[in-house]
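> Next comes structure_19.tsv, TSV, C-alpha atoms:
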```tsv
chain	number	residue	atom	x	y	z
A	1	MET	CA	-13.45	2.39	-14.89
A	2	LYS	CA	-12.37	-0.62	-16.83
A	3	VAL	CA	-8.83	-1.00	-18.11
A	4	ASN	CA	-9.18	-2.26	-21.67
A	5	TYR	CA	-6.55	-4.13	-23.63
A	6	SER	CA	-6.67	-6.10	-26.84
A	7	ASN	CA	-4.54	-9.03	-25.72
A	8	GLU	CA	-2.59	-10.27	-22.72
A	9	GLY	CA	0.63	-8.72	-23.93
A	10	ASP	CA	-0.92	-5.27	-23.74
A	11	VAL	CA	-1.93	-5.41	-20.07
A	12	GLN	CA	1.11	-3.54	-18.74
A	13	LYS	CA	0.76	-0.84	-21.37
A	14	ALA	CA	-2.98	-0.50	-20.67
A	15	ILE	CA	-2.31	-0.17	-16.93
A	16	ALA	CA	0.36	2.47	-17.55
A	17	GLU	CA	-2.02	4.44	-19.76
A	18	ALA	CA	-4.81	4.27	-17.20
A	19	ILE	CA	-2.44	5.52	-14.49
A	20	GLN	CA	-1.16	8.35	-16.68
A	21	GLY	CA	-4.64	9.25	-17.83
A	22	ASN	CA	-6.21	9.85	-14.42
A	23	ASN	CA	-5.29	12.44	-11.81
A	24	ILE	CA	-6.21	10.11	-8.97
A	25	LEU	CA	-6.57	6.42	-9.73
A	26	LEU	CA	-7.25	3.77	-7.09
A	27	PHE	CA	-6.94	0.06	-7.85
A	28	ILE	CA	-9.37	-1.50	-5.40
A	29	LYS	CA	-11.37	-4.62	-4.67
A	30	GLY	CA	-14.99	-3.90	-5.51
A	31	THR	CA	-16.55	-0.59	-6.45
A	32	PRO	CA	-17.18	2.70	-4.65
A	33	GLN	CA	-20.78	1.55	-4.21
A	34	MET	CA	-19.83	-1.96	-3.10
A	35	PRO	CA	-16.28	-2.22	-1.76
A	36	GLN	CA	-15.23	-5.83	-1.22
A	37	CYS	CA	-12.38	-5.16	1.18
A	38	GLY	CA	-12.02	-2.97	4.25
A	39	PHE	CA	-8.72	-1.52	3.08
A	40	SER	CA	-10.15	-0.59	-0.30
A	41	LYS	CA	-13.07	1.06	1.46
A	42	GLY	CA	-10.61	2.77	3.78
A	43	VAL	CA	-8.69	4.52	1.00
A	44	MET	CA	-11.90	5.69	-0.63
A	45	ASP	CA	-13.14	7.00	2.73
A	46	MET	CA	-10.02	9.17	2.95
A	47	PHE	CA	-10.42	10.63	-0.54
A	48	ASN	CA	-14.15	11.12	0.05
A	49	TYR	CA	-13.34	12.95	3.27
A	50	LEU	CA	-10.95	15.19	1.35
A	51	GLN	CA	-13.65	15.75	-1.25
A	52	VAL	CA	-11.45	15.13	-4.22
A	53	PRO	CA	-12.69	13.25	-7.26
A	54	TYR	CA	-11.02	9.96	-8.07
A	55	GLU	CA	-11.36	7.10	-10.49
A	56	THR	CA	-11.29	3.44	-9.45
A	57	VAL	CA	-10.43	0.15	-11.11
A	58	ASP	CA	-11.99	-3.00	-9.65
A	59	VAL	CA	-9.25	-5.65	-9.74
A	60	LEU	CA	-11.75	-8.37	-8.86
A	61	ALA	CA	-13.37	-7.80	-12.24
A	62	ASP	CA	-10.23	-8.88	-14.10
A	63	PRO	CA	-7.56	-11.30	-12.84
A	64	LEU	CA	-5.08	-10.07	-15.47
A	65	ILE	CA	-5.39	-6.52	-14.18
A	66	ARG	CA	-5.19	-7.72	-10.57
A	67	GLU	CA	-1.89	-9.48	-11.20
A	68	GLY	CA	-0.81	-6.89	-13.75
A	69	VAL	CA	-0.93	-3.93	-11.41
A	70	LYS	CA	1.05	-5.82	-8.76
A	71	GLN	CA	3.64	-6.57	-11.40
A	72	PHE	CA	3.60	-2.98	-12.62
A	73	THR	CA	4.46	-1.54	-9.22
A	74	GLN	CA	6.22	-4.60	-7.80
A	75	TRP	CA	3.91	-4.14	-4.84
A	76	PRO	CA	2.20	-7.17	-3.30
A	77	THR	CA	-1.15	-5.86	-2.12
A	78	ILE	CA	-4.33	-4.11	-3.21
A	79	PRO	CA	-5.42	-1.28	-2.85
A	80	GLN	CA	-2.86	0.75	-4.77
A	81	ILE	CA	-3.00	4.50	-5.00
A	82	PHE	CA	-1.73	6.65	-7.88
A	83	LEU	CA	-1.62	10.43	-7.91
A	84	LYS	CA	-0.72	12.15	-11.17
A	85	GLY	CA	0.77	8.98	-12.53
A	86	GLN	CA	2.92	8.37	-9.46
A	87	PHE	CA	2.56	5.31	-7.23
A	88	VAL	CA	1.93	6.54	-3.69
A	89	GLY	CA	1.53	3.21	-1.91
A	90	GLY	CA	-1.10	1.03	-0.31
A	91	PHE	CA	-3.51	1.51	2.56
A	92	ASP	CA	-0.92	1.90	5.34
A	93	ILE	CA	1.02	4.61	3.51
A	94	CYS	CA	-2.16	6.40	2.48
A	95	ARG	CA	-3.37	6.43	6.08
A	96	GLU	CA	-0.02	7.62	7.37
A	97	LEU	CA	0.03	10.48	4.86
A	98	PHE	CA	-3.59	11.28	5.72
A	99	GLU	CA	-2.87	11.38	9.45
A	100	LYS	CA	0.18	13.60	8.92
A	101	GLY	CA	-1.95	15.97	6.86
A	102	GLU	CA	0.17	15.34	3.77
A	103	LEU	CA	-2.41	13.51	1.69
A	104	GLU	CA	-4.72	16.50	1.36
A	105	PRO	CA	-2.24	18.82	-0.41
A	106	MET	CA	-0.99	15.94	-2.54
A	107	ALA	CA	-4.52	14.99	-3.60
A	108	LYS	CA	-5.65	18.56	-4.16
A	109	SER	CA	-2.66	19.41	-6.30
A	110	ALA	CA	-3.20	16.20	-8.27
A	111	VAL	CA	-6.71	17.23	-9.26
A	112	THR	CA	-6.06	20.91	-9.87
A	113	ALA	CA	-2.66	20.99	-11.52
B	1	MET	CA	0.46	-20.01	10.82
B	2	LEU	CA	1.94	-16.62	11.52
B	3	SER	CA	3.01	-15.48	14.93
B	4	GLU	CA	4.44	-12.36	16.52
B	5	GLU	CA	7.72	-14.19	17.09
B	6	LEU	CA	8.06	-15.35	13.51
B	7	ILE	CA	7.42	-11.89	12.08
B	8	GLU	CA	9.70	-10.19	14.58
B	9	LYS	CA	12.50	-12.63	13.84
B	10	ALA	CA	12.15	-12.11	10.08
B	11	VAL	CA	12.32	-8.34	10.47
B	12	ARG	CA	15.32	-8.57	12.79
B	13	ASN	CA	17.16	-10.70	10.26
B	14	GLY	CA	16.87	-7.93	7.70
B	15	PHE	CA	17.16	-5.02	10.14
B	16	PRO	CA	19.58	-6.05	12.88
B	17	ASP	CA	19.62	-2.50	14.29
B	18	ALA	CA	15.85	-2.20	14.45
B	19	ARG	CA	13.38	-1.75	17.22
B	20	VAL	CA	10.55	-4.08	16.24
B	21	GLU	CA	7.09	-4.26	17.73
B	22	VAL	CA	4.54	-6.75	16.47
B	23	ARG	CA	0.97	-6.64	17.66
B	24	ASP	CA	-1.77	-9.17	16.92
B	25	LEU	CA	-4.63	-6.89	15.91
B	26	THR	CA	-7.43	-9.43	16.01
B	27	GLY	CA	-6.25	-11.97	18.54
B	28	SER	CA	-6.58	-14.60	15.83
B	29	LYS	CA	-3.07	-14.44	14.29
B	30	ASP	CA	-4.33	-13.24	10.93
B	31	HIS	CA	-3.78	-9.49	11.13
B	32	PHE	CA	-0.68	-7.96	12.65
B	33	GLU	CA	0.61	-4.46	13.07
B	34	VAL	CA	4.35	-4.27	12.57
B	35	MET	CA	6.30	-1.27	13.74
B	36	VAL	CA	9.92	-1.06	12.60
B	37	VAL	CA	12.29	1.67	13.75
B	38	SER	CA	15.58	1.52	11.90
B	39	GLN	CA	18.39	3.76	10.76
B	40	GLN	CA	18.18	2.00	7.41
B	41	PHE	CA	15.04	3.99	6.58
B	42	HIS	CA	16.92	7.26	6.63
B	43	GLY	CA	16.38	9.17	3.38
B	44	LYS	CA	13.96	6.56	2.03
B	45	SER	CA	10.37	7.20	0.93
B	46	LEU	CA	7.49	5.34	2.55
B	47	VAL	CA	7.14	3.16	-0.54
B	48	GLU	CA	10.83	2.27	-0.41
B	49	ARG	CA	10.63	1.52	3.31
B	50	HIS	CA	7.62	-0.74	2.95
B	51	ARG	CA	9.27	-2.54	0.05
B	52	MET	CA	12.34	-3.15	2.25
B	53	VAL	CA	10.20	-4.67	5.00
B	54	TYR	CA	8.11	-6.72	2.58
B	55	GLY	CA	11.37	-8.02	1.14
B	56	VAL	CA	12.55	-9.53	4.40
B	57	VAL	CA	9.15	-10.65	5.67
B	58	TRP	CA	7.85	-12.20	2.46
B	59	PRO	CA	9.98	-15.37	2.47
B	60	ALA	CA	9.44	-16.01	6.18
B	61	THR	CA	5.67	-15.65	6.01
B	62	GLY	CA	5.05	-17.58	2.83
B	63	GLY	CA	3.83	-14.41	1.17
B	64	GLN	CA	1.13	-13.62	3.69
B	65	ILE	CA	1.88	-9.93	3.45
B	66	HIS	CA	-1.80	-8.96	3.47
B	67	ALA	CA	-1.84	-9.80	7.13
B	68	LEU	CA	0.60	-7.00	7.96
B	69	ALA	CA	-0.07	-3.34	8.64
B	70	LEU	CA	3.31	-1.64	8.46
B	71	LYS	CA	4.66	1.39	10.20
B	72	THR	CA	8.23	2.45	9.51
B	73	GLN	CA	10.30	5.14	11.16
B	74	THR	CA	13.87	6.20	11.63
B	75	PRO	CA	15.03	6.59	15.25
B	76	ASP	CA	14.84	10.39	14.82
B	77	GLU	CA	11.25	10.29	13.59
B	78	SER	CA	10.34	7.92	16.38
B	79	GLN	CA	11.62	10.34	19.01
B	80	LYS	CA	9.55	13.19	17.62
B	81	GLU	CA	6.28	11.33	18.17
```
Step by step, read the file and then write its structure as structure tokens.

Amino acid sequence: MKVNYSNEGDVQKAIAEAIQGNNILLFIKGTPQMPQCGFSKGVMDMFNYLQVPYETVDVLADPLIREGVKQFTQWPTIPQIFLKGQFVGGFDICRELFEKGELEPMAKSAVTA
Amino acid sequence: MLSEELIEKAVRNGFPDARVEVRDLTGSKDHFEVMVVSQQFHGKSLVERHRMVYGVVWPATGGQIHALALKTQTPDESQKE
């Protein structure tokens, strides 16, 4: 999806709305069809494996969103994973939760609740 | 240029109690795995823990955080593995 805003001052608000408006939202580099980063691909692989639907935002498509989401979370890297409006972390945290078996219930409750 | 030593030293500065292991994942000093075991992580979420490590490593690495894969544990969690 694309995060739309009318001017630069609205970027943070637009990001917040996108995060609140999607059960699972992944800010990634590239698209599900053409990921541009191994870590972005890696997080999508995990959610694909769990067979839960998710929405993505390609930060490479918009530098203001790329910087904006980092500012929003105060987190330095992409990908960034949000479940039910909550920031979960980046690739390392996602993988750790996945390996511990914690990501599946989190993701499933995010899409069903 | 990053190195195992530089990263380890930066982590130790912020986490004097920590067990720190840094591994060069590619052999080309551009991707490292950093394992930090510290009592300071007790009661903290993964996001909070990673933020703490980023905080001490960021200045020392000139912001090259993308190069780091982090793993954080308390001593108790480490023993359970």
> What gap, in Å, lies between atom CA of B:Gln64 and atom CA of B:Val37?
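Computing the Euclidean distance for atom CA of B:Gln64 and atom CA of B:Val37 yields 21.4 Å.
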> List as a list in words the protein and nucleic acid residues near B:Ala67, meaning an atom at most 7 Å away when only C-alpha atoms are counted, but skip any in the same chain fewer than 5 places from it.
Asp30, His31 and Phe32 of chain B
> If the box runs along x, y and z of the file and leaves 5 Å on each side of stretch 101-107 of chain A, what are its centre and edge lengths in Å, one decimal, as lines of an AutoDock Vina configuration file?

```
center_x = -2.3
center_y = 16.2
center_z = 1.6
size_x = 14.9
size_y = 15.3
size_z = 20.5
```
> B:Leu46, B:Thr72, B:His66, B:Gln79: which is nearest A:Pro79, counting all atoms listed in the file?
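Closest residue, counting all atoms listed in the file: B:His66.
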> Could you please determine the separation between atom CA of B:Val34 and atom CA of B:Glu8 in Å, to one decimal place?
8.2 Å
> Would you please work out which residue, of B:Thr74, B:Ser3, B:Thr61, B:Ser45, is nearest to chain A when using only C-alpha atoms?
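Closest to chain A of all the choices is B:Ser45.
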> Tell me the residues of chain B close to chain A, meaning within 12 Å using all atoms listed in the file, as a ChimeraX atom specification.
/B:33-35,45-55,57-58,63-73,81
> Could you list, as a PDB file with C-alpha atoms, keeping the file's coordinate frame, every residue within 10 Å of stretch 41-48 of chain A, counting all atoms listed in the file and ignoring same-chain residues fewer than 6 positions away?

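Writing done, so here's out16.pdb:
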```pdb
ATOM      1  CA  ILE A  24      -6.210  10.110  -8.970  1.00  0.00           C
ATOM      2  CA  LEU A  26      -7.250   3.770  -7.090  1.00  0.00           C
ATOM      3  CA  ILE A  28      -9.370  -1.500  -5.400  1.00  0.00           C
ATOM      4  CA  LYS A  29     -11.370  -4.620  -4.670  1.00  0.00           C
ATOM      5  CA  GLY A  30     -14.990  -3.900  -5.510  1.00  0.00           C
ATOM      6  CA  THR A  31     -16.550  -0.590  -6.450  1.00  0.00           C
ATOM      7  CA  PRO A  32     -17.180   2.700  -4.650  1.00  0.00           C
ATOM      8  CA  GLN A  33     -20.780   1.550  -4.210  1.00  0.00           C
ATOM      9  CA  MET A  34     -19.830  -1.960  -3.100  1.00  0.00           C
ATOM     10  CA  PRO A  35     -16.280  -2.220  -1.760  1.00  0.00           C
ATOM     11  CA  TYR A  54     -11.020   9.960  -8.070  1.00  0.00           C
ATOM     12  CA  GLU A  55     -11.360   7.100 -10.490  1.00  0.00           C
ATOM     13  CA  THR A  56     -11.290   3.440  -9.450  1.00  0.00           C
ATOM     14  CA  PRO A  79      -5.420  -1.280  -2.850  1.00  0.00           C
ATOM     15  CA  GLN A  80      -2.860   0.750  -4.770  1.00  0.00           C
ATOM     16  CA  ILE A  81      -3.000   4.500  -5.000  1.00  0.00           C
ATOM     17  CA  GLY A  90      -1.100   1.030  -0.310  1.00  0.00           C
ATOM     18  CA  PHE A  91      -3.510   1.510   2.560  1.00  0.00           C
ATOM     19  CA  ASP A  92      -0.920   1.900   5.340  1.00  0.00           C
ATOM     20  CA  CYS A  94      -2.160   6.400   2.480  1.00  0.00           C
ATOM     21  CA  ARG A  95      -3.370   6.430   6.080  1.00  0.00           C
ATOM     22  CA  PHE A  98      -3.590  11.280   5.720  1.00  0.00           C
ATOM     23  CA  GLU A  99      -2.870  11.380   9.450  1.00  0.00           C
ATOM     24  CA  LEU A 103      -2.410  13.510   1.690  1.00  0.00           C
ATOM     25  CA  GLU A 104      -4.720  16.500   1.360  1.00  0.00           C
ATOM     26  CA  ALA A 107      -4.520  14.990  -3.600  1.00  0.00           C
ATOM     27  CA  LYS A 108      -5.650  18.560  -4.160  1.00  0.00           C
TER      28      LYS A 108
END
```
> Compute the distance from (-3.8, 17.8, -9.8) to each atom, counting only C-alpha atoms, keep the residues with any atom at most 9 Å away, and return them as a list in words; use the coordinates of the file.
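It turns out the residues near that spot are Asn23, Ile24, Leu83, Lys84, Met106, Ala107, Lys108, Ser109, Ala110, Val111, Thr112 and Ala113 of chain A.
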> What does the distance between atom CA of A:Pro63 and atom CA of A:Gln36 come to in Å, to one decimal place?
15.0 Å
> Contacts of B:Ser38 at 7 Å or less, counting all atoms listed in the file, minus same-chain residues fewer than 2 places along, as a PyMOL selection string?
chain B and resi 15+17-19+36+40-41+73-75
> Restricted to C-alpha atoms, what would the selected residues look like written as a PDB file, in the coordinates of the input?

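Resulting contents of part-v3.pdb:
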```pdb
ATOM      1  CA  PHE B  15      17.160  -5.020  10.140  1.00  0.00           C
ATOM      2  CA  ASP B  17      19.620  -2.500  14.290  1.00  0.00           C
ATOM      3  CA  ALA B  18      15.850  -2.200  14.450  1.00  0.00           C
ATOM      4  CA  ARG B  19      13.380  -1.750  17.220  1.00  0.00           C
ATOM      5  CA  VAL B  36       9.920  -1.060  12.600  1.00  0.00           C
ATOM      6  CA  GLN B  40      18.180   2.000   7.410  1.00  0.00           C
ATOM      7  CA  PHE B  41      15.040   3.990   6.580  1.00  0.00           C
ATOM      8  CA  GLN B  73      10.300   5.140  11.160  1.00  0.00           C
ATOM      9  CA  THR B  74      13.870   6.200  11.630  1.00  0.00           C
ATOM     10  CA  PRO B  75      15.030   6.590  15.250  1.00  0.00           C
TER      11      PRO B  75
END
```
> (14.7, -12.0, 4.4) in this file's frame - what residues fall within 7 Å of it? Use only C-alpha atoms and give the answer as a compact mmCIF listing (two decimals) with C-alpha atoms, in the frame of the given file.

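Wrote selection.txt, looks like this:
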```txt
# COMPACT_ATOMS: atom_id res chain seq x y z
CA ALA B 10 12.15 -12.11 10.08
CA ASN B 13 17.16 -10.70 10.26
CA GLY B 14 16.87 -7.93 7.70
CA GLY B 55 11.37 -8.02 1.14
CA VAL B 56 12.55 -9.53 4.40
CA VAL B 57 9.15 -10.65 5.67
CA PRO B 59 9.98 -15.37 2.47
CA ALA B 60 9.44 -16.01 6.18
```
> May I have the residues within 10 Å of A:Gly85 as a ChimeraX atom specification, using only C-alpha atoms and disregarding those fewer than 5 positions away in the same chain?
/A:16-25,110
> Write the selection just made, keeping C-alpha atoms, as a tab-separated table (two decimals), in the frame of the given file?

```tsv
chain	number	residue	atom	x	y	z
A	16	ALA	CA	0.36	2.47	-17.55
A	17	GLU	CA	-2.02	4.44	-19.76
A	18	ALA	CA	-4.81	4.27	-17.20
A	19	ILE	CA	-2.44	5.52	-14.49
A	20	GLN	CA	-1.16	8.35	-16.68
A	21	GLY	CA	-4.64	9.25	-17.83
A	22	ASN	CA	-6.21	9.85	-14.42
A	23	ASN	CA	-5.29	12.44	-11.81
A	24	ILE	CA	-6.21	10.11	-8.97
A	25	LEU	CA	-6.57	6.42	-9.73
A	110	ALA	CA	-3.20	16.20	-8.27
```
